[in-house]
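**Student:** One structure is given below, represented as C-alpha cells, and several questions about it will come after.
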Amino acid sequence: MAKKIAVLTSGGDAPGMNAAIRAIVRKIIFDGNEAYGVRYGFRGLADGDIFQMTAADVSTLSSRGGTILFTARYPEFAEEEGQLKALEQLKRHEIDGLVVIGGDGSYQGALALSRRGFPTVGIPGTIDNDIPGTDFTIGFDTACNTALEALDKLRDTAKSHMRTFVVEVMGRHAGDIALWSGIGCGADQVIIPEINFDIQEVVDQINQGREKGKKHTLIVLAEGVMPGYKFADLLDEYGNYHIRTTVLGHVQRGGSPSAKDRMLATSLGHAAVEALAKGQSGVCMGIVDNKIVYTDIENALEKKDDRQKRNTLNKYLYDLNQETSVWS
C-alpha cells in the first residue's frame, strides 16, 4: 500500500529550499508513494493546509529561490496544544511521514512531533550556516555569493570616493557569511560575533593603510555583532574616515540558488525520504566531510563538538583575512 509523505518549509526562506522540495516529491513518487505539501510551515500544518503534489508541480523548481510552500511564524507550536492540532491534521489526511526543511526552530518542531511518535526528518535550510550536524546548510553558498557581488561593487565606490564602507551582512549569531564573503572580496576587516574585536586595532589598521597610500577601507560586519550604524558611530569617535554604512539585508535570502546549493538540496532531500523509508525518525540530514549523514536531532541541537569545530574554522578564517588584508 502506498504511503503518504508530506514536506513543509519553516523559518526564514533560503535559496535551494525549492530544489529540496523537488527532490523530496520526485523521490516519494519514484518509490511508488504519494507526495503532499504543507503550506505556511507548522501553522499550515496545524490548520490542515495540506495538499497532494505531483511530479509536474515541482518541474523547474531547482532554479527558483524562496519556497513555493511558503513559510510563517507559529510560536504556538512550542506548546502541547499546537503540536496536538498538527498531529490531528496529519492523522485526518492519513499522512505517514513528514520532512521539515528549516533552521534550529524548525528542528525543534520536528523533534516535538517525533517524540509524540510521528515519523519526522529534518533538513538544514538557512543562509546562516549555523545548524549543527552539517558542514553547510542549504542557502549559505548562494547568500555568500550575493553578498560577495554587492561587496565587489561597494569597493568600487569606496575607492572612487576614498571612503570607509561598513557593510552589515546577515547570519544571525554566526559570522560565516561575513567571513566567507569578506575573504572573497578582500575586505580590510571582518568583524564576527565569535571573536571579540578591538576598535583601536581596527582604527590602527585603517591609519596604517592611509600612511602607505591606501585611501579607502572596506569593513564587513556580521549582524550578530551590532548594527552597522553603531559600528560606524564607534569609528567616528576616532576621526573622520568618511564612513558610509550599507545594510545588505534580506536580498541575501533571495535569488536563484547556486550550483552547490542545488546539489546539496537535491542530495539532502533524496536522503531524507530514504531515511523515512528505513524507519528513521527524529533525525536531521547533513553533509560532513563531503558525505551525506544523518544525526539525531536532539543530539545535533546540543552538539558541542560541532560548535567547537565551527569556532576553530572561523578562527582560522578570521586570522587568514587578518594576515592577507595587510596593506604593504
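Quick note on naming: the chains in the C-alpha cells go A, B, ... in the order shown, residues restart at 1 in each chain, and ligands are numbered from 1 in order of appearance.
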If you run DSSP over the backbone, which residues in region 32-186 of chain A end up strand (DSSP E or B)? Put them as a JSON list (two decimals) with N, CA and C atoms, in the first residue's frame.

**Tutor:**
```json
[["chain", "number", "residue", "atom", "x", "y", "z"],
["A", 34, "GLU", "N", 2.83, 8.58, -2.32],
["A", 34, "GLU", "CA", 2.14, 9.82, -2.63],
["A", 34, "GLU", "C", 2.81, 10.99, -1.89],
["A", 35, "ALA", "N", 3.03, 12.08, -2.61],
["A", 35, "ALA", "CA", 3.68, 13.26, -2.03],
["A", 35, "ALA", "C", 2.65, 14.33, -1.68],
["A", 36, "TYR", "N", 2.86, 14.96, -0.53],
["A", 36, "TYR", "CA", 1.96, 16.03, -0.09],
["A", 36, "TYR", "C", 2.77, 17.24, 0.37],
["A", 37, "GLY", "N", 2.25, 18.42, 0.09],
["A", 37, "GLY", "CA", 2.88, 19.65, 0.54],
["A", 37, "GLY", "C", 2.06, 20.28, 1.66],
["A", 38, "VAL", "N", 2.76, 20.98, 2.54],
["A", 38, "VAL", "CA", 2.10, 21.72, 3.63],
["A", 38, "VAL", "C", 2.44, 23.19, 3.45],
["A", 50, "ILE", "N", -2.93, 21.14, 3.76],
["A", 50, "ILE", "CA", -2.15, 20.03, 3.20],
["A", 50, "ILE", "C", -2.77, 19.62, 1.87],
["A", 51, "PHE", "N", -1.93, 19.45, 0.85],
["A", 51, "PHE", "CA", -2.45, 19.12, -0.49],
["A", 51, "PHE", "C", -1.50, 18.15, -1.19],
["A", 52, "GLN", "N", -2.05, 17.35, -2.10],
["A", 52, "GLN", "CA", -1.23, 16.38, -2.82],
["A", 52, "GLN", "C", -0.43, 17.08, -3.91],
["A", 53, "MET", "N", 0.79, 16.62, -4.12],
["A", 53, "MET", "CA", 1.67, 17.20, -5.14],
["A", 53, "MET", "C", 2.04, 16.13, -6.16],
["A", 97, "GLY", "N", 4.43, 10.19, 7.09],
["A", 97, "GLY", "CA", 5.75, 10.72, 7.43],
["A", 97, "GLY", "C", 5.88, 12.16, 6.99],
["A", 98, "LEU", "N", 6.82, 12.89, 7.60],
["A", 98, "LEU", "CA", 6.97, 14.33, 7.33],
["A", 98, "LEU", "C", 8.44, 14.71, 7.23],
["A", 99, "VAL", "N", 8.76, 15.54, 6.22],
["A", 99, "VAL", "CA", 10.09, 16.12, 6.08],
["A", 99, "VAL", "C", 9.98, 17.62, 6.36],
["A", 100, "VAL", "N", 10.79, 18.11, 7.29],
["A", 100, "VAL", "CA", 10.77, 19.51, 7.68],
["A", 100, "VAL", "C", 12.07, 20.18, 7.23],
["A", 101, "ILE", "N", 11.95, 21.24, 6.43],
["A", 101, "ILE", "CA", 13.12, 21.97, 5.94],
["A", 101, "ILE", "C", 13.19, 23.31, 6.66],
["A", 102, "GLY", "N", 14.29, 23.59, 7.35],
["A", 102, "GLY", "CA", 14.42, 24.86, 8.06],
["A", 102, "GLY", "C", 15.61, 24.88, 8.98],
["A", 120, "THR", "N", 9.33, 11.81, 11.57],
["A", 120, "THR", "CA", 9.70, 13.14, 11.07],
["A", 120, "THR", "C", 11.21, 13.23, 10.89],
["A", 121, "VAL", "N", 11.62, 13.84, 9.76],
["A", 121, "VAL", "CA", 13.04, 14.02, 9.44],
["A", 121, "VAL", "C", 13.28, 15.49, 9.10],
["A", 122, "GLY", "N", 14.43, 16.03, 9.54],
["A", 122, "GLY", "CA", 14.76, 17.42, 9.28],
["A", 122, "GLY", "C", 15.84, 17.59, 8.22],
["A", 123, "ILE", "N", 15.76, 18.73, 7.50],
["A", 123, "ILE", "CA", 16.78, 19.11, 6.52],
["A", 123, "ILE", "C", 17.21, 20.54, 6.84],
["A", 124, "PRO", "N", 18.53, 20.82, 6.89],
["A", 124, "PRO", "CA", 19.00, 22.16, 7.28],
["A", 124, "PRO", "C", 18.85, 23.18, 6.15],
["A", 125, "GLY", "N", 17.89, 24.08, 6.28],
["A", 125, "GLY", "CA", 17.67, 25.12, 5.29],
["A", 125, "GLY", "C", 17.73, 26.49, 5.92],
["A", 138, "ILE", "N", 21.61, 24.51, 3.43],
["A", 138, "ILE", "CA", 21.04, 24.93, 2.15],
["A", 138, "ILE", "C", 20.83, 26.44, 2.17],
["A", 164, "THR", "N", 35.38, 55.02, 3.78],
["A", 164, "THR", "CA", 35.35, 53.80, 4.56],
["A", 164, "THR", "C", 33.92, 53.27, 4.52],
["A", 165, "PHE", "N", 33.76, 52.05, 4.04],
["A", 165, "PHE", "CA", 32.43, 51.44, 3.98],
["A", 165, "PHE", "C", 32.32, 50.37, 5.05],
["A", 166, "VAL", "N", 31.26, 50.48, 5.86],
["A", 166, "VAL", "CA", 30.90, 49.43, 6.82],
["A", 166, "VAL", "C", 29.69, 48.72, 6.23],
["A", 167, "VAL", "N", 29.86, 47.44, 5.90],
["A", 167, "VAL", "CA", 28.80, 46.67, 5.25],
["A", 167, "VAL", "C", 28.30, 45.59, 6.20],
["A", 168, "GLU", "N", 27.05, 45.70, 6.60],
["A", 168, "GLU", "CA", 26.45, 44.73, 7.51],
["A", 168, "GLU", "C", 25.81, 43.60, 6.71],
["A", 169, "VAL", "N", 26.22, 42.37, 7.00],
["A", 169, "VAL", "CA", 25.66, 41.20, 6.34],
["A", 169, "VAL", "C", 24.89, 40.36, 7.35]]
```

**Student:** Could you tell me which of A:Glu274, A:Asp96, A:Asp319, A:Asp204 comes closest to Val293 (chain A) if we count only C-alpha atoms?

**Tutor:**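 Using only C-alpha atoms, the shortest distance to Val293 (chain A) belongs to A:Glu274.
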
**Student:** Please compute the CA of Gly255 (chain A)-CA of Pro15 (chain A) distance, one decimal, in Å.

**Tutor:**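 These atoms are spaced 6.5 Å apart.
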
**Student:** Taking into account only C-alpha atoms, which residue in the set A:Asn18, A:Gln252, A:Gln280, A:Asn311 is nearest to Ile127 (chain A)?

**Tutor:**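 Closest to Ile127 (chain A), using only C-alpha atoms: A:Gln252.
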
**Student:** Run DSSP on the backbone and give me the residues of region 164-278 of chain A it puts in alpha helix (DSSP H), as a PyMOL selection string.

**Tutor:** chain A and resi 176-185+199-211+228-236+259-277

**Student:** So which one's closest to Ile195 (chain A), A:Cys144, A:Lys315, A:Phe77, A:Glu149? Using only C-alpha atoms, please.

**Tutor:** A:Lys315

**Student:** Go through A:Pro119, A:Gly16, A:Gly32, A:Gly103 one by one, measure the shortest atom-to-atom distance of each to Leu268 (chain A) using only C-alpha atoms, and give the residue with the smallest value.

**Tutor:**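 Between A:Pro119, A:Gly16, A:Gly32, A:Gly103, the residue approaching Leu268 (chain A) most closely is A:Gly16.
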
**Student:** Quick one: of A:Leu264, A:Met226, A:Ile206, A:Ala6, who's nearest to Phe140 (chain A), counting only C-alpha atoms?

**Tutor:**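 Comparing A:Leu264, A:Met226, A:Ile206, A:Ala6 against Phe140 (chain A), the winner is A:Leu264.
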
**Student:** If you count only C-alpha atoms, which residues fall within 9 Å of Arg92 (chain A), apart from same-chain ones fewer than 4 positions away, as a list in words?

**Tutor:**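 Returned residues: Gly48, Leu87 and Glu88 of chain A.
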
**Student:** Do you know which residues are at most 10 Å from Thr266 (chain A) counting only C-alpha atoms, after dropping those on the same chain fewer than 2 positions away, and could you put them as a list in words?

**Tutor:**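 After dropping sequence-adjacent residues, the list is Gly16, Met17, Asn18, Ala19, Ala20, Ile21, Arg22, Ala23, Ile24, Lys27, Ser62, Ile138, Lys260, Asp261, Arg262, Met263, Leu264, Leu268, Gly269, His270, Ala271 and Ala272 of chain A.
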
**Student:** Kindly export the residues of the current selection with N, CA, C and O atoms, as an mmCIF file, in the first residue's frame.

**Tutor:**
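Once everything was written out, this is result-v3.cif:
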```cif
data_model
loop_
_atom_site.group_PDB
_atom_site.id
_atom_site.type_symbol
_atom_site.label_atom_id
_atom_site.label_comp_id
_atom_site.auth_asym_id
_atom_site.auth_seq_id
_atom_site.Cartn_x
_atom_site.Cartn_y
_atom_site.Cartn_z
ATOM 1 N N GLY A 16 17.443 27.361 -2.498
ATOM 2 C CA GLY A 16 17.677 25.927 -2.522
ATOM 3 C C GLY A 16 16.556 25.154 -1.858
ATOM 4 O O GLY A 16 16.447 23.930 -2.025
ATOM 5 N N MET A 17 15.700 25.831 -1.104
ATOM 6 C CA MET A 17 14.568 25.138 -0.490
ATOM 7 C C MET A 17 13.679 24.501 -1.551
ATOM 8 O O MET A 17 13.213 23.359 -1.387
ATOM 9 N N ASN A 18 13.447 25.219 -2.636
ATOM 10 C CA ASN A 18 12.608 24.666 -3.701
ATOM 11 C C ASN A 18 13.253 23.449 -4.355
ATOM 12 O O ASN A 18 12.566 22.494 -4.728
ATOM 13 N N ALA A 19 14.577 23.481 -4.488
ATOM 14 C CA ALA A 19 15.278 22.325 -5.055
ATOM 15 C C ALA A 19 15.113 21.110 -4.142
ATOM 16 O O ALA A 19 14.978 19.973 -4.614
ATOM 17 N N ALA A 20 15.118 21.344 -2.829
ATOM 18 C CA ALA A 20 14.916 20.247 -1.882
ATOM 19 C C ALA A 20 13.490 19.711 -1.983
ATOM 20 O O ALA A 20 13.273 18.491 -1.960
ATOM 21 N N ILE A 21 12.519 20.615 -2.097
ATOM 22 C CA ILE A 21 11.126 20.195 -2.257
ATOM 23 C C ILE A 21 10.983 19.326 -3.500
ATOM 24 O O ILE A 21 10.328 18.274 -3.482
ATOM 25 N N ARG A 22 11.597 19.759 -4.581
ATOM 26 C CA ARG A 22 11.532 18.999 -5.844
ATOM 27 C C ARG A 22 12.080 17.591 -5.659
ATOM 28 O O ARG A 22 11.456 16.603 -6.077
ATOM 29 N N ALA A 23 13.248 17.485 -5.033
ATOM 30 C CA ALA A 23 13.875 16.178 -4.846
ATOM 31 C C ALA A 23 13.016 15.281 -3.962
ATOM 32 O O ALA A 23 12.866 14.079 -4.227
ATOM 33 N N ILE A 24 12.444 15.850 -2.912
ATOM 34 C CA ILE A 24 11.609 15.074 -1.990
ATOM 35 C C ILE A 24 10.381 14.533 -2.709
ATOM 36 O O ILE A 24 10.069 13.338 -2.626
ATOM 37 N N LYS A 27 11.344 11.883 -5.380
ATOM 38 C CA LYS A 27 11.791 10.631 -4.770
ATOM 39 C C LYS A 27 10.601 9.860 -4.197
ATOM 40 O O LYS A 27 10.503 8.634 -4.342
ATOM 41 N N SER A 62 14.235 23.738 -9.329
ATOM 42 C CA SER A 62 15.625 23.817 -8.861
ATOM 43 C C SER A 62 16.213 25.211 -8.981
ATOM 44 O O SER A 62 17.066 25.615 -8.190
ATOM 45 N N ILE A 138 21.607 24.508 3.430
ATOM 46 C CA ILE A 138 21.043 24.925 2.154
ATOM 47 C C ILE A 138 20.833 26.441 2.171
ATOM 48 O O ILE A 138 20.206 26.972 3.080
ATOM 49 N N LYS A 260 26.104 24.735 -6.130
ATOM 50 C CA LYS A 260 26.409 23.998 -4.893
ATOM 51 C C LYS A 260 25.155 23.816 -4.051
ATOM 52 O O LYS A 260 24.901 22.726 -3.520
ATOM 53 N N ASP A 261 24.343 24.868 -3.921
ATOM 54 C CA ASP A 261 23.121 24.754 -3.123
ATOM 55 C C ASP A 261 22.096 23.837 -3.777
ATOM 56 O O ASP A 261 21.365 23.118 -3.091
ATOM 57 N N ARG A 262 22.028 23.848 -5.097
ATOM 58 C CA ARG A 262 21.092 22.951 -5.788
ATOM 59 C C ARG A 262 21.491 21.491 -5.568
ATOM 60 O O ARG A 262 20.639 20.627 -5.326
ATOM 61 N N MET A 263 22.782 21.223 -5.660
ATOM 62 C CA MET A 263 23.259 19.860 -5.446
ATOM 63 C C MET A 263 23.027 19.413 -4.001
ATOM 64 O O MET A 263 22.567 18.297 -3.741
ATOM 65 N N LEU A 264 23.338 20.294 -3.062
ATOM 66 C CA LEU A 264 23.170 19.960 -1.644
ATOM 67 C C LEU A 264 21.699 19.711 -1.325
ATOM 68 O O LEU A 264 21.350 18.733 -0.665
ATOM 69 N N LEU A 268 20.204 16.121 -0.078
ATOM 70 C CA LEU A 268 19.619 16.000 1.255
ATOM 71 C C LEU A 268 18.136 15.652 1.184
ATOM 72 O O LEU A 268 17.634 14.888 2.009
ATOM 73 N N GLY A 269 17.433 16.207 0.185
ATOM 74 C CA GLY A 269 16.014 15.876 0.022
ATOM 75 C C GLY A 269 15.822 14.409 -0.299
ATOM 76 O O GLY A 269 14.957 13.727 0.283
ATOM 77 N N HIS A 270 16.614 13.899 -1.213
ATOM 78 C CA HIS A 270 16.566 12.483 -1.590
ATOM 79 C C HIS A 270 16.878 11.597 -0.384
ATOM 80 O O HIS A 270 16.182 10.608 -0.103
ATOM 81 N N ALA A 271 17.923 11.971 0.369
ATOM 82 C CA ALA A 271 18.343 11.169 1.521
ATOM 83 C C ALA A 271 17.303 11.188 2.631
ATOM 84 O O ALA A 271 17.138 10.202 3.362
ATOM 85 N N ALA A 272 16.582 12.312 2.781
ATOM 86 C CA ALA A 272 15.561 12.406 3.832
ATOM 87 C C ALA A 272 14.429 11.416 3.589
ATOM 88 O O ALA A 272 13.932 10.770 4.524
#
```

**Student:** Leaving out Val251 (chain A) and any residue of its chain fewer than 3 positions from it, which residues lie within 9 Å of it when counting only C-alpha atoms, given as a VMD selection string?

**Tutor:** chain A and resid 143 146 to 147 248 254 to 255

**Student:** Take the selection from the previous step and output its residues with C-alpha atoms, as a PDB file, in the first residue's frame.

**Tutor:**
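Resulting contents of out_14.pdb:
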```
ATOM      1  CA  ALA A 143      23.876  34.047   0.246  1.00  0.00           C
ATOM      2  CA  THR A 146      25.012  37.521  -3.235  1.00  0.00           C
ATOM      3  CA  ALA A 147      26.939  39.333  -0.514  1.00  0.00           C
ATOM      4  CA  LEU A 248      22.562  44.258   2.658  1.00  0.00           C
ATOM      5  CA  GLY A 254      16.595  35.551  -2.351  1.00  0.00           C
ATOM      6  CA  GLY A 255      17.666  34.730  -5.869  1.00  0.00           C
TER       7      GLY A 255
END
```

**Student:** Interatomic distance between CA of Ser258 (chain A) and CA of Thr126 (chain A)?

**Tutor:**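 Taking CA of Ser258 (chain A) as the start and CA of Thr126 (chain A) as the end point, the length is 14.1 Å.
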
**Student:** Find the distance between CA of Ile131 (chain A) and CA of Glu302 (chain A) and write it in Å to one decimal.

**Tutor:**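 Atom-to-atom, CA of Ile131 (chain A) and CA of Glu302 (chain A) are spaced 10.4 Å apart.
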
**Student:** Which is closest to Arg26 (chain A) among A:Ala178, A:Thr60, A:Gly11, A:Ala55, if we use only C-alpha atoms?

**Tutor:**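 Of A:Ala178, A:Thr60, A:Gly11, A:Ala55, the one nearest Arg26 (chain A), counting only C-alpha atoms, is A:Ala55.
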